[in-house]
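Trainee: Quick one: the structure is below, and I'll ask about it shortly.
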Amino acid sequence: MIQYIIRRLLATIPVLLIVTFIVFTLMFMAPGDPIYLLVDVEQTDGLTEVQMDALRHELGLDRPLIVQYGDWLWHALQGDLGTSIRGGRQVSDMLKSAFPVSMELALLSIVFALVIAIPIGIYAALKPNSFGDLLGTSLAIGGISAPNFWVALLLVYLFAVKLSLLPSSGFVRFSEDIPANLERMVLPVITLGIGLMASVMRMTRSGMLEVMHQDYIRTARAKGAKEGRVVFKHAFRNAMLPVLTIIGLQFGALLGGAVVIEQIFSLPGMGRLGLDAIFIRDFPVVQGVVLVITLSYLTVNLVVDLLYGLLDPRIRVS
Amino acid sequence: MTAQTMSNAGDPAPPETVRESRKRSNRTGYRYFLRRLFRRILPRIGAVIVVLFLIGAVFAPLLTPYDPIVPDYEAVRQPPSSAHWMGTDDLGRDLYTRILYGGRISIFAAFIPLLISSSIGVTLGLIAGTVRGPVETIIMRVMDALLSIPSILLMIVIAGLLGPNLINALIAIGIVGVARYARIVYAETLSVAEREYVLATRALGKSTAGILFQEILPNVTAPIIVIASLSIGGIILAEATLSFLGLGIQPPTPSWGSMVATGNRYLQLAPWMSLAPGAAIFLMVMAVNFLGDGVRDALDPYLSGKM
């Protein structure tokens with residue numbers, strides 16, 4: 001087991017190297033001279049081409065791509081992700097303050113999605129082709145098709161503008177005031193959770209449908225187990241395995257969706273940090289955000305794979 | 001799989017006849033496909049909605065008396081009425097008109113990323129699956145890495161770094177889609193390449209390129225079509241999202257995503273400004289998803305509900 005975990009952890013290293021290298025190359029190729037991002041305009045104003053080249057040399061911008069990447073990597077390995085070109089803050093500090101916001105948003109969205117989707121999915125599987133099943137399936141397809149930024153606006157319009165039930169924006173840290181924080185998280189969480197809810201609902205339905213036709217379900221019924229016990233004890237546990245996988249795979253979509261949602265609801269999370277940084281070409285911040293989000297995604301999927309082994313004794317990893 | 005691939009597989013007849021029979025079986029296979037596709041209600045609904053949007057986009061000038069771009073300051077932010085039945089925006093432009101014209105971007109632009117990701121992805125998958133060795137490792141590792149960055153994030157990074165405009169947004173969406181094609185084509189290529197009829201044609205002295213295009217490619221077309229049809233909805237959504245964030249099309253050209261973004265600023269005063277274009281995206285994507293699901297079920301009943 002420990003060997004397996006170590007092997008999986010080692011396998012993430014090349015992925016992270018390639019990901020950061022791709023992003024680094026993109027930034028290298030991006031139009032515009034990076035020197036203007038590092039130096040004030042007044043400083044470069046009136047400099048001759050030769051002086052500019054000297055400045056570039058001083059800042060290391062004339063080195064080949066691979067050397068500059070190696071330089072970034074060397075510092076990154078020591079926990080130094082550079083400083084933001086705007087304000088000069090440490091990128092790692094900015095990420096540290098943004099990370100919990102995005103994680104809270106993602107985790108609450110998962111909880112929301114599961115609480116809604118699993119009961120509906122089970123119901124739909126137990127009564128296939130019923131009205132409820134059709135409604136559930138339509139909801140699921142609708143949930144996948146609705147643009148999340150539009151859902152966000154609909155919810156804000158309904159709950160904040162029309163009904164004045166919830167605040168539409170503003171952010172309070174979880175550590176400062178928990179009720180106020182949760183109140184402001186309701187709409188973002190629902191918006192972000194809808195997509196996952198749709199996938200979980202479909203997966204629960206098809207998983208349950210498949211399991212309910214298995215021999216061991218018939219056996220359980222034959223020995224006189226009550227229907228509720230058959231459904232929840234015998235079928236449910238087995239049907240939940242694919243759902244677990246979906247959560248892992250969809251976690252990336254959640255982190256991506258968070259970029260948009262955080263922007264709309266003005267939440268100071270990683271997505272918003274990254275998006276703002278893209279617009280002003282704050283390369284160190286962009287690189288840091290991509291690194292942390294990718295790392296979180298890979299970690300969650302590793303955890304899911306390990307849980308899989310715990311939940312299903314048949315596929316204990318060797 | 002249809003009769004097409006079967007006749008492809010091991011037909012010993014001379015070339016002309018092969019081509020003839022392939023043509024014929026293609027036609028019947030096509031009919032069979034359509035019959036299976038429209039057997040169920042949801043793909044039919046999807047097709048109707050898609051066709052309506054297409055007609056709206058193509059014949060927009062005939063379907064509305066207004067101009068999508070020229071402002072009309074006497075009709076600013078009017079609620080839906082008989083003159084403007086979806087209302088007007090902050091510059092007095094008719095929303096229904098802008099949605100029709102916006103469809104031109106939102107629908108037709110979807111084909112550019114589709115072409116980019118399928119052509120690059122299929123090529124890379126075929127190369128990795130036939131050349132093998134270090135080339136295979138590098139290509140597939142890069143694909144794995146691309147798949148481990150959340151796709152919206154990667155699109156935002158690429159589109160943002162290339163510079164905010166429609167073409168760059170479409171390129172970004174296209175690049176992000178490459179890995180899915182590469183992976184499935186790679187897997188299919190590996191399995192097809194080991195089959196006996198392929199080994200036999202190789203033994204008969206056929207070149208690697210010939211085997212690739214005549215034996216392997218026809219066998220991977222079904223999964224390629226399935227991925228393509230399932231991804232169009234996502235592409236439309238992605239373009240709308242990038243435009244919403246200001247990374248896609250720039251004003252004044254209308255696109256559904258940017259219209260929602262503008263409407264966002266007037267949510268309290270003029271909610272119809274964001275509701276109407278958002279509903280257009282929603283309907284279009286749902287319709288395309290219905291169709292995509294139908295295509296998948298029709299091409300491969302086994303995959304139903306699994307992809």
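Quick note on naming: the chains in the structure tokens go A, B, ... in the order shown, residues restart at 1 in each chain, and ligands are numbered from 1 in order of appearance.
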Quick one: which residues from chain B are at most 6 Å off chain A, using only C-alpha atoms, as a ChimeraX atom specification?

Mentor: /B:145,149-150,152-153,160-162,278,282,285-286

Trainee: So that I can check the surroundings of segment 27-39 of chain B, please list as a list in words every protein, DNA and RNA residue that reaches within 6 Å of it, counting only C-alpha atoms and ignoring chain neighbours fewer than 6 positions away.

Mentor: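 Once the adjacent positions are removed, what remains is Gly294, Val295 and Ala298 of chain B.
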
Trainee: Grab the residues selected above and save them as a PDB file, in the first residue's frame with N, CA, C and O atoms.

Mentor:
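Result saved to again.pdb:
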ATOM      1  N   GLY B 294     -27.660  11.149 -28.744  1.00  0.00           N
ATOM      2  CA  GLY B 294     -28.313  10.309 -29.745  1.00  0.00           C
ATOM      3  C   GLY B 294     -27.302   9.699 -30.702  1.00  0.00           C
ATOM      4  O   GLY B 294     -27.377   8.515 -31.028  1.00  0.00           O
ATOM      5  N   VAL B 295     -26.339  10.513 -31.140  1.00  0.00           N
ATOM      6  CA  VAL B 295     -25.310  10.021 -32.061  1.00  0.00           C
ATOM      7  C   VAL B 295     -24.531   8.883 -31.403  1.00  0.00           C
ATOM      8  O   VAL B 295     -24.280   7.841 -32.001  1.00  0.00           O
ATOM      9  N   ALA B 298     -26.616   5.802 -31.232  1.00  0.00           N
ATOM     10  CA  ALA B 298     -26.864   5.226 -32.553  1.00  0.00           C
ATOM     11  C   ALA B 298     -25.616   4.535 -33.094  1.00  0.00           C
ATOM     12  O   ALA B 298     -25.711   3.500 -33.750  1.00  0.00           O
TER      13      ALA B 298
END

Trainee: Got a sec to tell me which of segment 59-220 of chain B DSSP assigns to helix (DSSP H, G or I), as JSON, numbers by chain?

Mentor: {"B": [60, 61, 62, 63, 95, 96, 97, 98, 99, 100, 101, 102, 103, 104, 105, 106, 107, 108, 111, 112, 113, 114, 115, 116, 117, 118, 119, 120, 121, 122, 123, 124, 125, 126, 127, 128, 129, 130, 131, 133, 134, 135, 136, 137, 138, 139, 140, 141, 142, 143, 144, 145, 146, 147, 151, 152, 153, 154, 155, 156, 157, 158, 159, 160, 161, 162, 166, 167, 168, 169, 170, 171, 172, 173, 174, 175, 176, 177, 178, 179, 180, 181, 182, 183, 184, 185, 186, 187, 188, 189, 190, 191, 192, 193, 196, 197, 198, 199, 200, 201, 202, 203, 208, 209, 210, 211, 212, 213, 214, 215, 216, 217, 218, 219, 220]}

Trainee: For atom CA of Leu114 of chain A and atom CA of Ser102 of chain A, quote the distance in Å rounded to one decimal.

Mentor: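 One can read the atom CA of Leu114 of chain A to atom CA of Ser102 of chain A distance as 18.4 Å.
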
Trainee: Residues within 10 Å of Met284 of chain B, please, as a list of chain:residue names. Count only C-alpha atoms; anything in the same chain fewer than 4 positions from it doesn't count.

Mentor: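 Everything that qualifies: A:Ser145, A:Ala146, B:Gly46, B:Ile49, B:Val50, B:Leu52, B:Phe53, B:Gly103, B:Ser106, B:Ile107, B:Gly233, B:Ile236, B:Leu237, B:Gly278, B:Ala279, B:Ala280, B:Val288, B:Asn289, B:Phe290.
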